[in-house]
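Visitor: Just upload.cif, nothing more (mmCIF, N, CA and C atoms):
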data_data
loop_
_atom_site.label_atom_id
_atom_site.label_comp_id
_atom_site.auth_asym_id
_atom_site.auth_seq_id
_atom_site.Cartn_x
_atom_site.Cartn_y
_atom_site.Cartn_z
N LEU A 1291 10.19 -48.15 117.96
CA LEU A 1291 9.91 -48.55 116.58
C LEU A 1291 8.70 -47.80 116.03
N THR A 1292 7.70 -47.61 116.87
CA THR A 1292 6.52 -46.88 116.42
C THR A 1292 6.90 -45.50 115.91
N THR A 1293 7.68 -44.79 116.68
CA THR A 1293 8.10 -43.44 116.29
C THR A 1293 8.93 -43.47 115.02
N VAL A 1294 9.83 -44.43 114.91
CA VAL A 1294 10.67 -44.56 113.71
C VAL A 1294 9.80 -44.70 112.46
N PHE A 1295 8.82 -45.61 112.50
CA PHE A 1295 8.00 -45.86 111.32
C PHE A 1295 7.02 -44.73 111.02
N VAL A 1296 6.49 -44.10 112.05
CA VAL A 1296 5.53 -43.01 111.81
C VAL A 1296 6.23 -41.77 111.25
N VAL A 1297 7.43 -41.50 111.71
CA VAL A 1297 8.16 -40.30 111.28
C VAL A 1297 8.97 -40.54 110.00
N ALA A 1298 9.17 -41.79 109.62
CA ALA A 1298 9.98 -42.11 108.44
C ALA A 1298 9.53 -41.38 107.17
N PRO A 1299 8.22 -41.28 106.87
CA PRO A 1299 7.84 -40.56 105.64
C PRO A 1299 8.33 -39.12 105.60
N VAL A 1300 8.37 -38.47 106.75
CA VAL A 1300 8.86 -37.09 106.80
C VAL A 1300 10.36 -37.07 106.47
N ALA A 1301 11.09 -38.00 107.06
CA ALA A 1301 12.53 -38.07 106.79
C ALA A 1301 12.79 -38.41 105.32
N PHE A 1302 12.03 -39.36 104.78
CA PHE A 1302 12.18 -39.71 103.36
C PHE A 1302 12.00 -38.47 102.49
N HIS A 1303 10.95 -37.71 102.78
CA HIS A 1303 10.65 -36.52 101.97
C HIS A 1303 11.77 -35.49 102.08
N ARG A 1304 12.27 -35.28 103.28
CA ARG A 1304 13.34 -34.29 103.47
C ARG A 1304 14.59 -34.70 102.72
N VAL A 1305 14.94 -35.97 102.74
CA VAL A 1305 16.17 -36.44 102.10
C VAL A 1305 16.03 -36.44 100.58
N LEU A 1306 14.86 -36.83 100.09
CA LEU A 1306 14.68 -37.00 98.64
C LEU A 1306 13.99 -35.82 97.96
N PHE A 1307 13.83 -34.71 98.66
CA PHE A 1307 13.15 -33.55 98.09
C PHE A 1307 13.82 -33.12 96.79
N ARG A 1308 13.03 -32.99 95.76
CA ARG A 1308 13.47 -32.56 94.42
C ARG A 1308 14.47 -33.51 93.75
N GLN A 1309 14.42 -34.78 94.07
CA GLN A 1309 15.31 -35.74 93.43
C GLN A 1309 14.54 -36.69 92.51
N HIS A 1310 13.31 -36.34 92.19
CA HIS A 1310 12.49 -37.11 91.24
C HIS A 1310 12.32 -38.56 91.65
N GLN A 1311 12.07 -38.78 92.93
CA GLN A 1311 11.88 -40.13 93.48
C GLN A 1311 10.44 -40.29 93.98
N ARG A 1312 9.50 -39.64 93.33
CA ARG A 1312 8.12 -39.59 93.83
C ARG A 1312 7.51 -40.97 94.00
N TYR A 1313 7.63 -41.85 93.02
CA TYR A 1313 7.00 -43.17 93.14
C TYR A 1313 7.55 -43.93 94.34
N TRP A 1314 8.88 -43.98 94.47
CA TRP A 1314 9.47 -44.68 95.61
C TRP A 1314 9.04 -44.03 96.92
N LEU A 1315 9.04 -42.70 96.94
CA LEU A 1315 8.69 -41.96 98.15
C LEU A 1315 7.26 -42.26 98.59
N VAL A 1316 6.33 -42.26 97.66
CA VAL A 1316 4.93 -42.54 98.00
C VAL A 1316 4.77 -43.98 98.48
N GLU A 1317 5.37 -44.93 97.78
CA GLU A 1317 5.25 -46.34 98.18
C GLU A 1317 5.91 -46.60 99.54
N ALA A 1318 7.10 -46.11 99.74
CA ALA A 1318 7.81 -46.34 101.00
C ALA A 1318 7.11 -45.62 102.15
N SER A 1319 6.63 -44.43 101.90
CA SER A 1319 5.93 -43.69 102.95
C SER A 1319 4.63 -44.39 103.34
N ASN A 1320 3.92 -44.90 102.38
CA ASN A 1320 2.70 -45.64 102.67
C ASN A 1320 3.00 -46.88 103.51
N THR A 1321 4.03 -47.61 103.13
CA THR A 1321 4.40 -48.83 103.85
C THR A 1321 4.82 -48.52 105.28
N THR A 1322 5.68 -47.53 105.46
CA THR A 1322 6.15 -47.23 106.81
C THR A 1322 5.05 -46.61 107.68
N ALA A 1323 4.19 -45.80 107.08
CA ALA A 1323 3.08 -45.22 107.85
C ALA A 1323 2.12 -46.30 108.33
N ARG A 1324 1.82 -47.26 107.47
CA ARG A 1324 0.95 -48.37 107.87
C ARG A 1324 1.59 -49.20 108.98
N ALA A 1325 2.88 -49.47 108.84
CA ALA A 1325 3.58 -50.22 109.88
C ALA A 1325 3.59 -49.44 111.19
N GLY A 1326 3.80 -48.15 111.09
CA GLY A 1326 3.79 -47.30 112.28
C GLY A 1326 2.45 -47.30 112.98
N LEU A 1327 1.37 -47.24 112.21
CA LEU A 1327 0.04 -47.27 112.80
C LEU A 1327 -0.24 -48.62 113.46
N ALA A 1328 0.19 -49.69 112.82
CA ALA A 1328 0.01 -51.02 113.42
C ALA A 1328 0.78 -51.12 114.73
N LEU A 1329 2.02 -50.63 114.73
CA LEU A 1329 2.81 -50.65 115.96
C LEU A 1329 2.22 -49.74 117.03
N LEU A 1330 1.64 -48.62 116.63
CA LEU A 1330 0.98 -47.74 117.59
C LEU A 1330 -0.21 -48.44 118.25
N ALA A 1331 -0.98 -49.17 117.47
CA ALA A 1331 -2.12 -49.92 118.02
C ALA A 1331 -1.64 -50.98 119.00
N VAL A 1332 -0.59 -51.71 118.62
CA VAL A 1332 -0.06 -52.76 119.51
C VAL A 1332 0.53 -52.13 120.78
N THR A 1333 1.24 -51.04 120.64
CA THR A 1333 1.82 -50.36 121.81
C THR A 1333 0.72 -49.87 122.75
N SER A 1334 -0.31 -49.25 122.19
CA SER A 1334 -1.42 -48.75 123.02
C SER A 1334 -2.14 -49.89 123.73
N ALA A 1335 -2.39 -50.97 123.00
CA ALA A 1335 -3.03 -52.14 123.62
C ALA A 1335 -2.14 -52.73 124.70
N GLY A 1336 -0.84 -52.75 124.47
CA GLY A 1336 0.09 -53.26 125.47
C GLY A 1336 0.11 -52.42 126.73
N VAL A 1337 0.06 -51.11 126.56
CA VAL A 1337 0.02 -50.22 127.73
C VAL A 1337 -1.28 -50.44 128.51
N LEU A 1338 -2.39 -50.54 127.79
CA LEU A 1338 -3.66 -50.82 128.47
C LEU A 1338 -3.60 -52.15 129.21
N PHE A 1339 -3.04 -53.17 128.56
CA PHE A 1339 -2.90 -54.48 129.20
C PHE A 1339 -2.07 -54.35 130.48
N LEU A 1340 -0.95 -53.67 130.40
CA LEU A 1340 -0.06 -53.53 131.55
C LEU A 1340 -0.77 -52.83 132.71
N VAL A 1341 -1.43 -51.73 132.43
CA VAL A 1341 -2.11 -50.97 133.48
C VAL A 1341 -3.22 -51.81 134.11
N PHE A 1342 -4.07 -52.41 133.29
CA PHE A 1342 -5.17 -53.21 133.82
C PHE A 1342 -4.67 -54.47 134.53
N ASP A 1343 -3.57 -55.04 134.05
CA ASP A 1343 -3.01 -56.22 134.71
C ASP A 1343 -2.54 -55.88 136.12
N ILE A 1344 -1.93 -54.74 136.29
CA ILE A 1344 -1.44 -54.32 137.61
C ILE A 1344 -2.61 -53.96 138.53
N ILE A 1345 -3.60 -53.26 137.99
CA ILE A 1345 -4.69 -52.75 138.83
C ILE A 1345 -5.79 -53.79 139.08
N VAL A 1346 -6.22 -54.50 138.06
CA VAL A 1346 -7.39 -55.37 138.17
C VAL A 1346 -7.03 -56.85 138.09
N GLY A 1347 -6.18 -57.22 137.15
CA GLY A 1347 -5.82 -58.62 137.00
C GLY A 1347 -5.65 -58.98 135.53
N THR A 1348 -5.07 -60.14 135.30
CA THR A 1348 -4.70 -60.55 133.95
C THR A 1348 -5.89 -60.81 133.05
N VAL A 1349 -6.96 -61.39 133.58
CA VAL A 1349 -8.12 -61.71 132.75
C VAL A 1349 -8.76 -60.44 132.19
N VAL A 1350 -8.99 -59.48 133.08
CA VAL A 1350 -9.57 -58.20 132.63
C VAL A 1350 -8.59 -57.49 131.69
N ALA A 1351 -7.31 -57.54 131.99
CA ALA A 1351 -6.30 -56.89 131.16
C ALA A 1351 -6.31 -57.48 129.74
N ALA A 1352 -6.41 -58.80 129.65
CA ALA A 1352 -6.46 -59.44 128.33
C ALA A 1352 -7.70 -59.01 127.57
N ALA A 1353 -8.82 -58.92 128.27
CA ALA A 1353 -10.06 -58.48 127.62
C ALA A 1353 -9.95 -57.04 127.13
N VAL A 1354 -9.41 -56.17 127.96
CA VAL A 1354 -9.26 -54.76 127.58
C VAL A 1354 -8.27 -54.61 126.43
N GLY A 1355 -7.15 -55.32 126.50
CA GLY A 1355 -6.16 -55.26 125.42
C GLY A 1355 -6.73 -55.74 124.10
N THR A 1356 -7.45 -56.85 124.14
CA THR A 1356 -8.07 -57.38 122.93
C THR A 1356 -9.14 -56.44 122.40
N LEU A 1357 -9.97 -55.92 123.29
CA LEU A 1357 -11.01 -54.98 122.87
C LEU A 1357 -10.41 -53.74 122.23
N SER A 1358 -9.32 -53.24 122.81
CA SER A 1358 -8.69 -52.05 122.23
C SER A 1358 -8.15 -52.33 120.83
N LEU A 1359 -7.57 -53.51 120.62
CA LEU A 1359 -7.11 -53.87 119.26
C LEU A 1359 -8.28 -53.96 118.29
N LEU A 1360 -9.41 -54.47 118.75
CA LEU A 1360 -10.60 -54.53 117.89
C LEU A 1360 -11.11 -53.14 117.54
N VAL A 1361 -11.06 -52.23 118.51
CA VAL A 1361 -11.48 -50.85 118.24
C VAL A 1361 -10.54 -50.19 117.23
N PHE A 1362 -9.24 -50.37 117.43
CA PHE A 1362 -8.29 -49.82 116.46
C PHE A 1362 -8.55 -50.38 115.06
N ALA A 1363 -8.72 -51.69 114.95
CA ALA A 1363 -8.96 -52.32 113.65
C ALA A 1363 -10.26 -51.81 113.03
N THR A 1364 -11.28 -51.64 113.84
CA THR A 1364 -12.56 -51.17 113.33
C THR A 1364 -12.45 -49.74 112.80
N VAL A 1365 -11.89 -48.87 113.62
CA VAL A 1365 -11.84 -47.45 113.25
C VAL A 1365 -10.82 -47.17 112.15
N TRP A 1366 -9.68 -47.85 112.21
CA TRP A 1366 -8.60 -47.55 111.27
C TRP A 1366 -8.65 -48.37 109.99
N ILE A 1367 -9.34 -49.51 110.01
CA ILE A 1367 -9.37 -50.37 108.82
C ILE A 1367 -10.78 -50.53 108.28
N ALA A 1368 -11.70 -51.01 109.12
CA ALA A 1368 -13.05 -51.33 108.64
C ALA A 1368 -13.82 -50.09 108.20
N VAL A 1369 -13.78 -49.04 108.98
CA VAL A 1369 -14.53 -47.82 108.63
C VAL A 1369 -14.07 -47.24 107.29
N PRO A 1370 -12.76 -47.06 107.06
CA PRO A 1370 -12.35 -46.54 105.75
C PRO A 1370 -12.73 -47.46 104.59
N LEU A 1371 -12.61 -48.76 104.79
CA LEU A 1371 -12.97 -49.69 103.72
C LEU A 1371 -14.47 -49.66 103.42
N LEU A 1372 -15.27 -49.59 104.46
CA LEU A 1372 -16.71 -49.50 104.25
C LEU A 1372 -17.10 -48.17 103.62
N THR A 1373 -16.46 -47.10 104.03
CA THR A 1373 -16.76 -45.77 103.47
C THR A 1373 -16.36 -45.70 102.01
N SER A 1374 -15.21 -46.24 101.65
CA SER A 1374 -14.76 -46.17 100.26
C SER A 1374 -15.65 -47.03 99.37
N GLY A 1375 -16.17 -48.13 99.89
CA GLY A 1375 -17.09 -48.96 99.12
C GLY A 1375 -18.40 -48.26 98.83
N ARG A 1376 -18.86 -47.46 99.76
CA ARG A 1376 -20.11 -46.71 99.57
C ARG A 1376 -19.94 -45.58 98.57
N ARG A 1377 -18.77 -44.94 98.57
CA ARG A 1377 -18.54 -43.83 97.65
C ARG A 1377 -18.46 -44.29 96.20
N ARG A 1378 -17.97 -45.50 95.99
CA ARG A 1378 -17.82 -46.01 94.63
C ARG A 1378 -19.16 -46.32 93.99
N ARG A 1379 -20.15 -46.63 94.81
CA ARG A 1379 -21.47 -46.99 94.30
C ARG A 1379 -22.21 -45.82 93.82
#
Let me see whether you can do it: turn the structure in this file into structure tokens.
Guide:
Amino acid sequence: LTTVFVVAPVAFHRVLFRQHQRYWLVEASNTTARAGLALLAVTSAGVLFLVFDIIVGTVVAAAVGTLSLLVFATVWIAVPLLTSGRRRR
């Protein structure tokens, strides 16, 4: 699913090239790219959880998985929002 959503904007553009569907293309591409990034974060956290669960144990795995989701949220959501707020001022 991650790959489907991340690559969808490229497919949309290829199919709708020169068909005057710019508004739909931009909106749909934004939606699918965001969904793809969210799924990528969940997939990455899940892989980290799986590896740490096998090697160290479930408690550490849960901590690492949760921490990785917090890092993704910070870097991919909080940083851009904070940066855009500073530029507007």
Visitor: Would you kindly translate the PyMOL selection byres ((chain A and resi 1313-1326) around 6.5) into the concrete residues it picks from this file, as a ChimeraX atom specification?
Guide: /A:1291-1293,1295-1296,1298-1299,1302,1310-1312,1327-1331
Visitor: Choose the residue, out of A:Val1369, A:Val1297, A:Val1305, A:Val1332, that has the smallest atom-to-atom separation from Gly1355 (chain A); count only C-alpha atoms.
Guide: A:Val1332
Visitor: For a test of reading the model, state the distance in Å between CA of Val1341 (chain A) and CA of Ser1358 (chain A), rounded to one decimal.
Guide: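 These atoms are spaced 13.1 Å apart.
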Visitor: Report, in Å to a single decimal, how far apart atom N of Val1361 (chain A) and CA of Thr1348 (chain A) are.
Guide: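 Taking CA of Thr1348 (chain A) and atom N of Val1361 (chain A), their separation equals 18.7 Å.
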Visitor: Report, in Å to a single decimal, how far apart CA of Ala1368 (chain A) and CA of Val1337 (chain A) are.
Guide: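 Computed distance, CA of Val1337 (chain A) to CA of Ala1368 (chain A), equals 23.2 Å.
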Visitor: So which one's closest to Val1354 (chain A), A:Val1294, A:Val1300, A:Leu1338, A:Leu1371? Using only N, CA and C atoms, please.
Guide: A:Leu1338
